[in-house]
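Listing of target33.cif, mmCIF, C-alpha atoms
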```cif
data_entry
#
loop_
_atom_site.group_PDB
_atom_site.id
_atom_site.type_symbol
_atom_site.label_atom_id
_atom_site.label_comp_id
_atom_site.auth_asym_id
_atom_site.auth_seq_id
_atom_site.Cartn_x
_atom_site.Cartn_y
_atom_site.Cartn_z
ATOM 1 C CA MET A 1 -1.260 9.598 20.090
ATOM 2 C CA LEU A 2 -3.865 7.290 18.527
ATOM 3 C CA LYS A 3 -3.253 3.574 19.107
ATOM 4 C CA HIS A 4 -1.777 1.725 16.166
ATOM 5 C CA ASP A 5 -1.376 -2.055 16.096
ATOM 6 C CA THR A 6 1.173 -3.141 13.508
ATOM 7 C CA VAL A 7 -0.221 -6.048 11.491
ATOM 8 C CA LEU A 8 1.878 -9.221 11.167
ATOM 9 C CA LEU A 9 4.654 -7.548 13.129
ATOM 10 C CA GLN A 10 6.704 -10.555 14.199
ATOM 11 C CA GLU A 11 5.958 -12.517 11.026
ATOM 12 C CA ALA A 12 7.041 -9.732 8.665
ATOM 13 C CA VAL A 13 10.325 -8.944 10.402
ATOM 14 C CA GLN A 14 11.129 -12.631 10.751
ATOM 15 C CA ALA A 15 10.479 -13.007 7.010
ATOM 16 C CA LEU A 16 13.068 -10.300 6.291
ATOM 17 C CA ASN A 17 15.742 -12.546 7.858
ATOM 18 C CA VAL A 18 17.528 -9.451 9.207
ATOM 19 C CA GLN A 19 21.342 -9.550 9.164
ATOM 20 C CA GLU A 20 23.264 -7.449 11.699
ATOM 21 C CA SER A 21 25.227 -5.495 9.085
ATOM 22 C CA GLY A 22 22.537 -5.450 6.401
ATOM 23 C CA THR A 23 20.710 -2.538 4.794
ATOM 24 C CA TYR A 24 16.920 -2.551 4.866
ATOM 25 C CA VAL A 25 14.101 -0.387 3.554
ATOM 26 C CA ASP A 26 10.856 0.088 5.458
ATOM 27 C CA GLY A 27 8.881 1.653 2.628
ATOM 28 C CA THR A 28 5.747 2.322 4.685
ATOM 29 C CA TYR A 29 6.825 3.505 8.127
ATOM 30 C CA GLY A 30 3.345 4.306 9.486
ATOM 31 C CA ARG A 31 4.013 4.527 13.207
ATOM 32 C CA GLY A 32 7.183 2.489 13.144
ATOM 33 C CA GLY A 33 6.215 -0.917 14.503
ATOM 34 C CA HIS A 34 8.139 -2.870 11.874
ATOM 35 C CA SER A 35 11.066 -0.436 11.930
ATOM 36 C CA ALA A 36 11.512 -0.726 15.690
ATOM 37 C CA LEU A 37 11.663 -4.518 15.511
ATOM 38 C CA ILE A 38 14.074 -4.477 12.554
ATOM 39 C CA LEU A 39 16.413 -2.212 14.520
ATOM 40 C CA GLU A 40 16.484 -4.689 17.402
ATOM 41 C CA SER A 41 18.284 -7.127 15.084
ATOM 42 C CA LEU A 42 20.558 -4.583 13.373
ATOM 43 C CA GLY A 43 24.073 -4.053 14.649
ATOM 44 C CA ALA A 44 26.049 -0.803 14.642
ATOM 45 C CA GLY A 45 26.999 -1.356 10.997
ATOM 46 C CA GLY A 46 23.449 -1.940 9.790
ATOM 47 C CA ARG A 47 21.282 0.644 8.077
ATOM 48 C CA LEU A 48 17.522 1.208 7.961
ATOM 49 C CA ILE A 49 15.958 3.508 5.384
ATOM 50 C CA VAL A 50 12.574 4.726 6.587
ATOM 51 C CA ILE A 51 10.123 6.010 3.947
ATOM 52 C CA ASP A 52 6.571 7.316 4.087
ATOM 53 C CA LYS A 53 4.368 9.633 2.022
ATOM 54 C CA ASP A 54 2.697 10.955 5.141
ATOM 55 C CA PRO A 55 4.522 13.976 6.631
ATOM 56 C CA VAL A 56 3.016 13.174 10.043
ATOM 57 C CA ALA A 57 4.589 9.707 9.959
ATOM 58 C CA ILE A 58 7.891 11.170 8.807
ATOM 59 C CA GLU A 59 7.950 13.653 11.667
ATOM 60 C CA HIS A 60 7.274 10.788 14.064
ATOM 61 C CA ALA A 61 10.244 8.860 12.641
ATOM 62 C CA ARG A 62 12.572 11.865 12.747
ATOM 63 C CA GLN A 63 11.793 12.566 16.365
ATOM 64 C CA ARG A 64 12.069 8.931 17.394
ATOM 65 C CA TYR A 65 15.364 8.210 15.624
ATOM 66 C CA ALA A 66 17.104 11.574 15.640
ATOM 67 C CA ALA A 67 19.978 10.123 17.658
ATOM 68 C CA ASP A 68 20.251 6.782 15.820
ATOM 69 C CA ALA A 69 22.937 6.929 13.123
ATOM 70 C CA ARG A 70 21.671 3.684 11.607
ATOM 71 C CA VAL A 71 18.379 5.275 10.525
ATOM 72 C CA PHE A 72 17.855 7.521 7.498
ATOM 73 C CA VAL A 73 14.368 9.072 7.191
ATOM 74 C CA TRP A 74 13.060 10.062 3.753
ATOM 75 C CA HIS A 75 9.741 11.694 2.821
ATOM 76 C CA GLY A 76 8.253 10.313 -0.379
ATOM 77 C CA SER A 77 6.735 7.265 -2.046
ATOM 78 C CA PHE A 78 8.257 3.828 -1.617
ATOM 79 C CA ARG A 79 8.301 3.570 -5.409
ATOM 80 C CA ASP A 80 11.218 6.015 -5.306
ATOM 81 C CA PHE A 81 13.231 4.109 -2.706
ATOM 82 C CA PRO A 82 16.347 4.071 -4.969
ATOM 83 C CA GLN A 83 16.424 7.876 -4.595
ATOM 84 C CA ALA A 84 16.252 7.484 -0.822
ATOM 85 C CA LEU A 85 19.166 5.036 -0.932
ATOM 86 C CA LEU A 86 21.262 7.491 -2.926
ATOM 87 C CA ALA A 87 20.352 10.314 -0.545
ATOM 88 C CA ALA A 88 21.556 8.097 2.315
ATOM 89 C CA GLY A 89 24.833 7.446 0.497
ATOM 90 C CA ILE A 90 24.053 3.781 -0.193
ATOM 91 C CA THR A 91 25.148 2.482 -3.589
ATOM 92 C CA ASP A 92 25.481 -1.245 -2.865
ATOM 93 C CA LYS A 93 22.726 -3.819 -3.173
ATOM 94 C CA ILE A 94 20.486 -4.116 -0.125
ATOM 95 C CA GLN A 95 19.344 -7.040 2.010
ATOM 96 C CA GLY A 96 15.639 -6.389 2.372
ATOM 97 C CA ILE A 97 12.565 -4.343 1.515
ATOM 98 C CA LEU A 98 9.355 -4.320 3.539
ATOM 99 C CA LEU A 99 6.049 -2.862 2.313
ATOM 100 C CA ASP A 100 2.978 -2.699 4.543
ATOM 101 C CA LEU A 101 0.465 -1.399 2.034
ATOM 102 C CA GLY A 102 -2.755 0.535 2.550
ATOM 103 C CA VAL A 103 -3.852 3.119 5.083
ATOM 104 C CA SER A 104 -2.512 3.132 8.635
ATOM 105 C CA SER A 105 -4.767 3.213 11.695
ATOM 106 C CA PRO A 106 -3.814 6.814 12.604
ATOM 107 C CA GLN A 107 -4.779 7.949 9.108
ATOM 108 C CA LEU A 108 -8.130 6.167 9.295
ATOM 109 C CA ASP A 109 -8.835 7.416 12.803
ATOM 110 C CA ASP A 110 -8.070 11.074 12.007
ATOM 111 C CA ALA A 111 -11.347 12.408 10.593
ATOM 112 C CA GLU A 112 -9.618 15.393 8.987
ATOM 113 C CA ARG A 113 -7.604 13.099 6.703
ATOM 114 C CA GLY A 114 -10.824 12.067 4.954
ATOM 115 C CA PHE A 115 -10.160 8.331 4.677
ATOM 116 C CA SER A 116 -13.138 7.150 6.722
ATOM 117 C CA PHE A 117 -16.801 7.308 5.755
ATOM 118 C CA MET A 118 -17.663 6.776 9.429
ATOM 119 C CA ARG A 119 -16.479 10.207 10.556
ATOM 120 C CA GLU A 120 -17.230 13.745 9.365
ATOM 121 C CA GLY A 121 -14.151 15.326 7.839
ATOM 122 C CA LYS A 122 -12.674 17.014 4.809
ATOM 123 C CA LEU A 123 -12.846 14.878 1.678
ATOM 124 C CA ASP A 124 -9.066 14.713 1.261
ATOM 125 C CA MET A 125 -7.735 11.111 1.265
ATOM 126 C CA ARG A 126 -4.172 12.114 0.356
ATOM 127 C CA MET A 127 -1.452 10.214 2.167
ATOM 128 C CA ASP A 128 0.838 13.147 1.393
ATOM 129 C CA ILE A 129 -1.188 16.211 2.321
ATOM 130 C CA THR A 130 1.563 18.505 1.013
ATOM 131 C CA SER A 131 1.110 17.640 -2.656
ATOM 132 C CA GLY A 132 -1.270 16.359 -5.281
ATOM 133 C CA GLU A 133 -5.005 16.578 -5.773
ATOM 134 C CA SER A 134 -7.447 15.824 -2.968
ATOM 135 C CA ALA A 135 -10.423 13.496 -3.397
ATOM 136 C CA ALA A 136 -12.769 16.490 -3.344
ATOM 137 C CA GLN A 137 -10.813 18.326 -6.027
ATOM 138 C CA TRP A 138 -10.807 15.267 -8.279
ATOM 139 C CA LEU A 139 -14.485 14.413 -7.759
ATOM 140 C CA ASN A 140 -15.542 17.997 -8.457
ATOM 141 C CA ARG A 141 -13.679 18.193 -11.783
ATOM 142 C CA ALA A 142 -13.611 14.652 -13.271
ATOM 143 C CA ASP A 143 -16.189 13.696 -15.877
ATOM 144 C CA GLU A 144 -18.789 11.006 -15.368
ATOM 145 C CA ALA A 145 -16.936 8.328 -17.328
ATOM 146 C CA GLN A 146 -13.696 8.892 -15.414
ATOM 147 C CA ILE A 147 -15.400 8.605 -12.032
ATOM 148 C CA ALA A 148 -17.354 5.504 -13.039
ATOM 149 C CA ASP A 149 -14.198 3.872 -14.388
ATOM 150 C CA VAL A 150 -12.265 4.469 -11.139
ATOM 151 C CA LEU A 151 -15.109 3.177 -8.961
ATOM 152 C CA TRP A 152 -15.378 0.015 -11.034
ATOM 153 C CA ARG A 153 -11.669 -0.626 -11.648
ATOM 154 C CA TYR A 154 -10.371 0.040 -8.143
ATOM 155 C CA GLY A 155 -13.468 -0.708 -6.071
ATOM 156 C CA GLU A 156 -15.328 -3.241 -8.220
ATOM 157 C CA GLU A 157 -18.424 -1.192 -7.406
ATOM 158 C CA ARG A 158 -21.458 -2.575 -9.290
ATOM 159 C CA PHE A 159 -23.259 0.764 -9.062
ATOM 160 C CA SER A 160 -20.293 2.779 -10.363
ATOM 161 C CA ARG A 161 -22.205 4.418 -13.206
ATOM 162 C CA GLN A 162 -25.162 5.385 -11.053
ATOM 163 C CA ILE A 163 -22.891 6.836 -8.356
ATOM 164 C CA ALA A 164 -20.908 8.805 -10.936
ATOM 165 C CA LYS A 165 -24.105 10.186 -12.438
ATOM 166 C CA GLU A 166 -25.367 11.269 -9.023
ATOM 167 C CA ILE A 167 -22.033 12.928 -8.183
ATOM 168 C CA LEU A 168 -22.232 15.056 -11.318
ATOM 169 C CA ARG A 169 -25.870 15.922 -10.688
ATOM 170 C CA THR A 170 -25.179 16.934 -7.089
ATOM 171 C CA ARG A 171 -21.994 18.926 -7.615
ATOM 172 C CA VAL A 172 -23.703 21.372 -10.007
ATOM 173 C CA ASN A 173 -25.242 23.148 -7.029
ATOM 174 C CA THR A 174 -23.380 21.606 -4.087
ATOM 175 C CA PRO A 175 -19.683 20.724 -4.523
ATOM 176 C CA LEU A 176 -18.558 17.654 -2.604
ATOM 177 C CA GLU A 177 -16.513 18.721 0.407
ATOM 178 C CA THR A 178 -16.933 16.225 3.258
ATOM 179 C CA THR A 179 -16.709 12.474 3.824
ATOM 180 C CA THR A 180 -20.239 12.133 5.173
ATOM 181 C CA GLN A 181 -21.624 14.110 2.255
ATOM 182 C CA LEU A 182 -20.097 11.603 -0.170
ATOM 183 C CA ALA A 183 -21.033 8.596 1.967
ATOM 184 C CA ASP A 184 -24.678 9.723 2.161
ATOM 185 C CA LEU A 185 -24.766 10.291 -1.598
ATOM 186 C CA ILE A 186 -23.474 6.761 -2.226
ATOM 187 C CA ALA A 187 -25.932 5.264 0.254
ATOM 188 C CA SER A 188 -28.797 6.929 -1.603
ATOM 189 C CA VAL A 189 -27.734 5.236 -4.848
ATOM 190 C CA VAL A 190 -26.635 1.742 -3.810
ATOM 191 C CA ARG A 191 -29.828 -0.285 -3.731
ATOM 192 C CA LYS A 192 -28.464 -3.719 -2.796
ATOM 193 C CA ARG A 193 -26.371 -3.786 0.368
ATOM 194 C CA GLU A 194 -23.607 -6.267 1.095
ATOM 195 C CA PRO A 195 -24.144 -7.846 4.544
ATOM 196 C CA GLY A 196 -21.928 -6.257 7.157
ATOM 197 C CA LYS A 197 -20.423 -3.727 4.739
ATOM 198 C CA ASN A 198 -21.130 -0.007 4.495
ATOM 199 C CA PRO A 199 -22.335 0.887 0.958
ATOM 200 C CA ALA A 200 -19.550 3.499 0.709
ATOM 201 C CA THR A 201 -16.744 1.000 1.375
ATOM 202 C CA ARG A 202 -15.909 0.147 -2.231
ATOM 203 C CA SER A 203 -16.135 3.706 -3.533
ATOM 204 C CA PHE A 204 -13.966 5.152 -0.759
ATOM 205 C CA GLN A 205 -11.339 2.488 -1.428
ATOM 206 C CA ALA A 206 -11.401 3.206 -5.153
ATOM 207 C CA ILE A 207 -11.111 6.978 -4.777
ATOM 208 C CA ARG A 208 -8.292 6.624 -2.238
ATOM 209 C CA ILE A 209 -6.350 4.343 -4.587
ATOM 210 C CA LYS A 210 -6.833 6.810 -7.435
ATOM 211 C CA VAL A 211 -5.825 9.889 -5.430
ATOM 212 C CA ASN A 212 -2.668 8.240 -4.091
ATOM 213 C CA GLN A 213 -1.743 6.248 -7.223
ATOM 214 C CA GLU A 214 -1.375 3.252 -4.953
ATOM 215 C CA LEU A 215 -1.342 0.450 -7.508
ATOM 216 C CA ASP A 216 1.058 2.326 -9.803
ATOM 217 C CA ASP A 217 3.402 2.783 -6.840
ATOM 218 C CA VAL A 218 3.319 -0.928 -6.028
ATOM 219 C CA GLU A 219 4.091 -1.991 -9.602
ATOM 220 C CA ALA A 220 6.956 0.488 -9.936
ATOM 221 C CA CYS A 221 8.450 -0.497 -6.597
ATOM 222 C CA LEU A 222 8.405 -4.222 -7.286
ATOM 223 C CA GLN A 223 10.341 -3.860 -10.530
ATOM 224 C CA GLN A 224 13.000 -1.759 -8.838
ATOM 225 C CA ALA A 225 13.204 -4.141 -5.889
ATOM 226 C CA LEU A 226 14.323 -6.879 -8.234
ATOM 227 C CA GLU A 227 17.254 -4.710 -9.354
ATOM 228 C CA SER A 228 18.170 -3.437 -5.890
ATOM 229 C CA LEU A 229 18.199 -6.605 -3.787
ATOM 230 C CA ALA A 230 21.453 -8.431 -3.110
ATOM 231 C CA SER A 231 21.717 -12.202 -3.378
ATOM 232 C CA ALA A 232 19.466 -13.766 -0.703
ATOM 233 C CA GLY A 233 17.868 -10.349 -0.085
ATOM 234 C CA ARG A 234 14.210 -10.525 0.895
ATOM 235 C CA LEU A 235 11.123 -8.730 -0.394
ATOM 236 C CA VAL A 236 8.220 -8.809 2.076
ATOM 237 C CA VAL A 237 4.852 -7.303 1.110
ATOM 238 C CA ILE A 238 1.689 -7.105 3.217
ATOM 239 C CA SER A 239 -1.468 -6.332 1.229
ATOM 240 C CA PHE A 240 -4.977 -5.562 2.442
ATOM 241 C CA HIS A 241 -7.115 -5.920 -0.664
ATOM 242 C CA SER A 242 -7.190 -8.173 -3.684
ATOM 243 C CA LEU A 243 -6.025 -5.582 -6.214
ATOM 244 C CA GLU A 244 -2.707 -5.033 -4.422
ATOM 245 C CA ASP A 245 -2.252 -8.692 -3.611
ATOM 246 C CA ARG A 246 -2.888 -9.724 -7.206
ATOM 247 C CA ILE A 247 -0.066 -7.449 -8.398
ATOM 248 C CA VAL A 248 2.339 -8.832 -5.784
ATOM 249 C CA LYS A 249 1.314 -12.439 -6.379
ATOM 250 C CA HIS A 250 1.755 -12.216 -10.146
ATOM 251 C CA PHE A 251 5.073 -10.383 -9.831
ATOM 252 C CA LEU A 252 6.547 -13.002 -7.501
ATOM 253 C CA ARG A 253 5.142 -15.827 -9.609
ATOM 254 C CA ASP A 254 6.723 -14.447 -12.773
ATOM 255 C CA ALA A 255 10.024 -13.541 -11.097
ATOM 256 C CA SER A 256 10.369 -17.024 -9.608
ATOM 257 C CA SER A 257 9.470 -18.947 -12.769
ATOM 258 C CA VAL A 258 11.703 -20.224 -15.540
ATOM 259 C CA PRO A 259 10.723 -18.486 -18.804
ATOM 260 C CA ASN A 260 9.075 -20.482 -21.554
ATOM 261 C CA LEU A 261 11.637 -20.856 -24.308
ATOM 262 C CA PRO A 262 10.895 -21.564 -27.968
ATOM 263 C CA LYS A 263 11.538 -25.141 -29.023
ATOM 264 C CA GLY A 264 14.867 -25.768 -30.704
ATOM 265 C CA LEU A 265 16.981 -23.284 -28.744
ATOM 266 C CA PRO A 266 20.326 -24.733 -27.590
ATOM 267 C CA VAL A 267 19.521 -23.643 -24.021
ATOM 268 C CA MET A 268 17.732 -25.839 -21.545
ATOM 269 C CA PRO A 269 15.286 -24.152 -19.116
ATOM 270 C CA THR A 270 16.945 -26.116 -16.279
ATOM 271 C CA PHE A 271 20.088 -24.007 -16.790
ATOM 272 C CA ILE A 272 18.197 -20.747 -16.362
ATOM 273 C CA GLN A 273 17.763 -19.581 -12.818
ATOM 274 C CA PRO A 274 14.851 -17.186 -12.211
ATOM 275 C CA PRO A 275 15.779 -13.952 -10.406
ATOM 276 C CA MET A 276 13.687 -14.739 -7.325
ATOM 277 C CA LYS A 277 12.342 -17.675 -5.391
ATOM 278 C CA LEU A 278 9.242 -17.876 -3.234
ATOM 279 C CA ILE A 279 9.648 -18.265 0.508
ATOM 280 C CA CYS A 280 6.702 -20.262 1.867
ATOM 281 C CA LYS A 281 3.045 -19.814 1.018
ATOM 282 C CA ALA A 282 1.121 -16.601 1.604
ATOM 283 C CA VAL A 283 0.857 -15.769 5.309
ATOM 284 C CA ARG A 284 -2.273 -14.491 7.024
ATOM 285 C CA ALA A 285 -2.818 -13.058 10.483
ATOM 286 C CA SER A 286 -3.588 -15.560 13.231
ATOM 287 C CA GLU A 287 -7.048 -15.834 14.766
ATOM 288 C CA GLU A 288 -5.605 -14.349 17.949
ATOM 289 C CA GLU A 289 -4.289 -11.285 16.119
ATOM 290 C CA VAL A 290 -7.562 -10.753 14.250
ATOM 291 C CA GLU A 291 -9.482 -10.919 17.522
ATOM 292 C CA GLY A 292 -7.299 -8.136 18.908
ATOM 293 C CA ASN A 293 -7.147 -6.081 15.696
ATOM 294 C CA VAL A 294 -9.990 -6.484 13.201
ATOM 295 C CA ARG A 295 -7.970 -4.638 10.537
ATOM 296 C CA ALA A 296 -5.634 -7.634 10.372
ATOM 297 C CA ARG A 297 -8.456 -9.787 9.005
ATOM 298 C CA SER A 298 -7.778 -8.997 5.345
ATOM 299 C CA ALA A 299 -3.968 -8.882 5.578
ATOM 300 C CA ILE A 300 -1.967 -11.255 3.391
ATOM 301 C CA MET A 301 1.836 -11.375 3.297
ATOM 302 C CA ARG A 302 3.987 -12.662 0.467
ATOM 303 C CA ILE A 303 7.742 -13.205 0.575
ATOM 304 C CA GLY A 304 10.338 -13.475 -2.167
ATOM 305 C CA GLU A 305 14.105 -13.945 -2.041
ATOM 306 C CA ARG A 306 16.623 -12.725 -4.614
ATOM 307 C CA SER A 307 18.491 -15.573 -6.247
ATOM 308 C CA ALA A 308 22.265 -15.606 -6.483
#
```

Structure translated into structure tokens:
Amino acid sequence: MLKHDTVLLQEAVQALNVQESGTYVDGTYGRGGHSALILESLGAGGRLIVIDKDPVAIEHARQRYAADARVFVWHGSFRDFPQALLAAGITDKIQGILLDLGVSSPQLDDAERGFSFMREGKLDMRMDITSGESAAQWLNRADEAQIADVLWRYGEERFSRQIAKEILRTRVNTPLETTTQLADLIASVVRKREPGKNPATRSFQAIRIKVNQELDDVEACLQQALESLASAGRLVVISFHSLEDRIVKHFLRDASSVPNLPKGLPVMPTFIQPPMKLICKAVRASEEEVEGNVRARSAIMRIGERSA
């Protein structure tokens, strides 16, 4: 099995404030680092709902926890965690939700998954390889404006239009099929290089987000978390790029703020309690963790707690 270092492991589980008899959702199981630590604090009456889009991760969870009655494993997107709760027979409010967003190390390190521009592999990029459209399928059918828009919106790629134009020119005779094929195409277009960054970095991120509907999933999940958490229940989210973190930051800011009321209403804002409160400032990986796992460098964790 490929090595996988769980980012902010201790910090994230500590932030959940796990109660022995509580019910928790690990919406991004990966290889189970967070789940294993959560279970150490759960008693016999506690429950852990494990979710992942990746069927490989789900198989790992099923094999690992086949004999643990506290664990319910569900294949799907974390945005649909209320369905997983119902499937597990849970109808009460829950005590915590943990999301560790982005791609896991095993997905990046498996060339055949198509997430890495550093390794030759199929241009897939789907977290759930059993459904949906692969990166290659989308790139070989989308029009120039659609591709340019995705590269700019999700990757903030300055050369989005030029890359899109070159993709359409190339695919007429040679459909895009591999990661290195796409990476080489991008490198031929991007004239100004960012120091220490591969020219394909932004485009690969953007295409991956598009293929997996990552930002849509985050937004949908956050809204449902607000409705599903019990009083004092915690929402813990680890993000790895600014687009995800911005969504989480704004959601928690809005959910923990008293609404602006029109002047003259017979209701004082001090009497209105926002649905959530922030727990500490954003947390980043320590220098020691980053030294041992470079992928922790961009991680940022935000924590919210459901008000009474």

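Going from atom CA of A:Ile129 over to atom CA of A:Gly114, you cover 10.8 Å.
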
A:Ala232 environment, 7 Å, all atoms listed in the file, sequence neighbours closer than 5 positions dropped, as a PyMOL selection string: chain A and resi 305-308

Evaluate the PyMOL selection byres ((chain A and resi 70-84) around 7) on the structure here and hand back the selected residues as a VMD selection string. chain A and resid 27 to 28 44 46 to 53 55 58 61 to 62 65 68 to 69 85 to 88 217 to 218 220 to 221

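One distance worth recording is that between atom CA of A:Leu168 and atom CA of A:Trp152, which is 16.5 Å.
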
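Note that atom CA of A:Leu151 and atom CA of A:Ala164 are 8.3 Å apart.
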
Extract, using all atoms listed in the file, all DNA, RNA and protein residues at most 10 Å from A:Glu287, discarding same-chain residues fewer than 4 positions from it, and format them as a VMD selection string. chain A and resid 291 to 294 296 to 297

Just so the selection is clear, what residues does the PyMOL selection byres ((chain A and resi 37) around 12) cover here, as a ChimeraX atom specification? /A:6,8-14,16-18,26,29,32-36,38-42,48

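Using the PyMOL selection byres ((chain A and resi 199) around 7) on this structure selects Ile186, Ala187, Val190, Arg193, Lys197, Asn198, Ala200 and Thr201 of chain A.
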
As a PyMOL selection string, please: the residues near A:Lys249 (cut-off 12 Å, all atoms listed in the file, same-chain neighbours under 6 positions excluded). chain A and resi 218-219+222+236-239+242-243+255-256+278+281-282+300-304

Test item: residues at most 7 Å from A:Arg202, only C-alpha atoms, excluding those fewer than 5 positions along its chain, as a list in words: Gly155, Glu156 and Glu157 of chain A
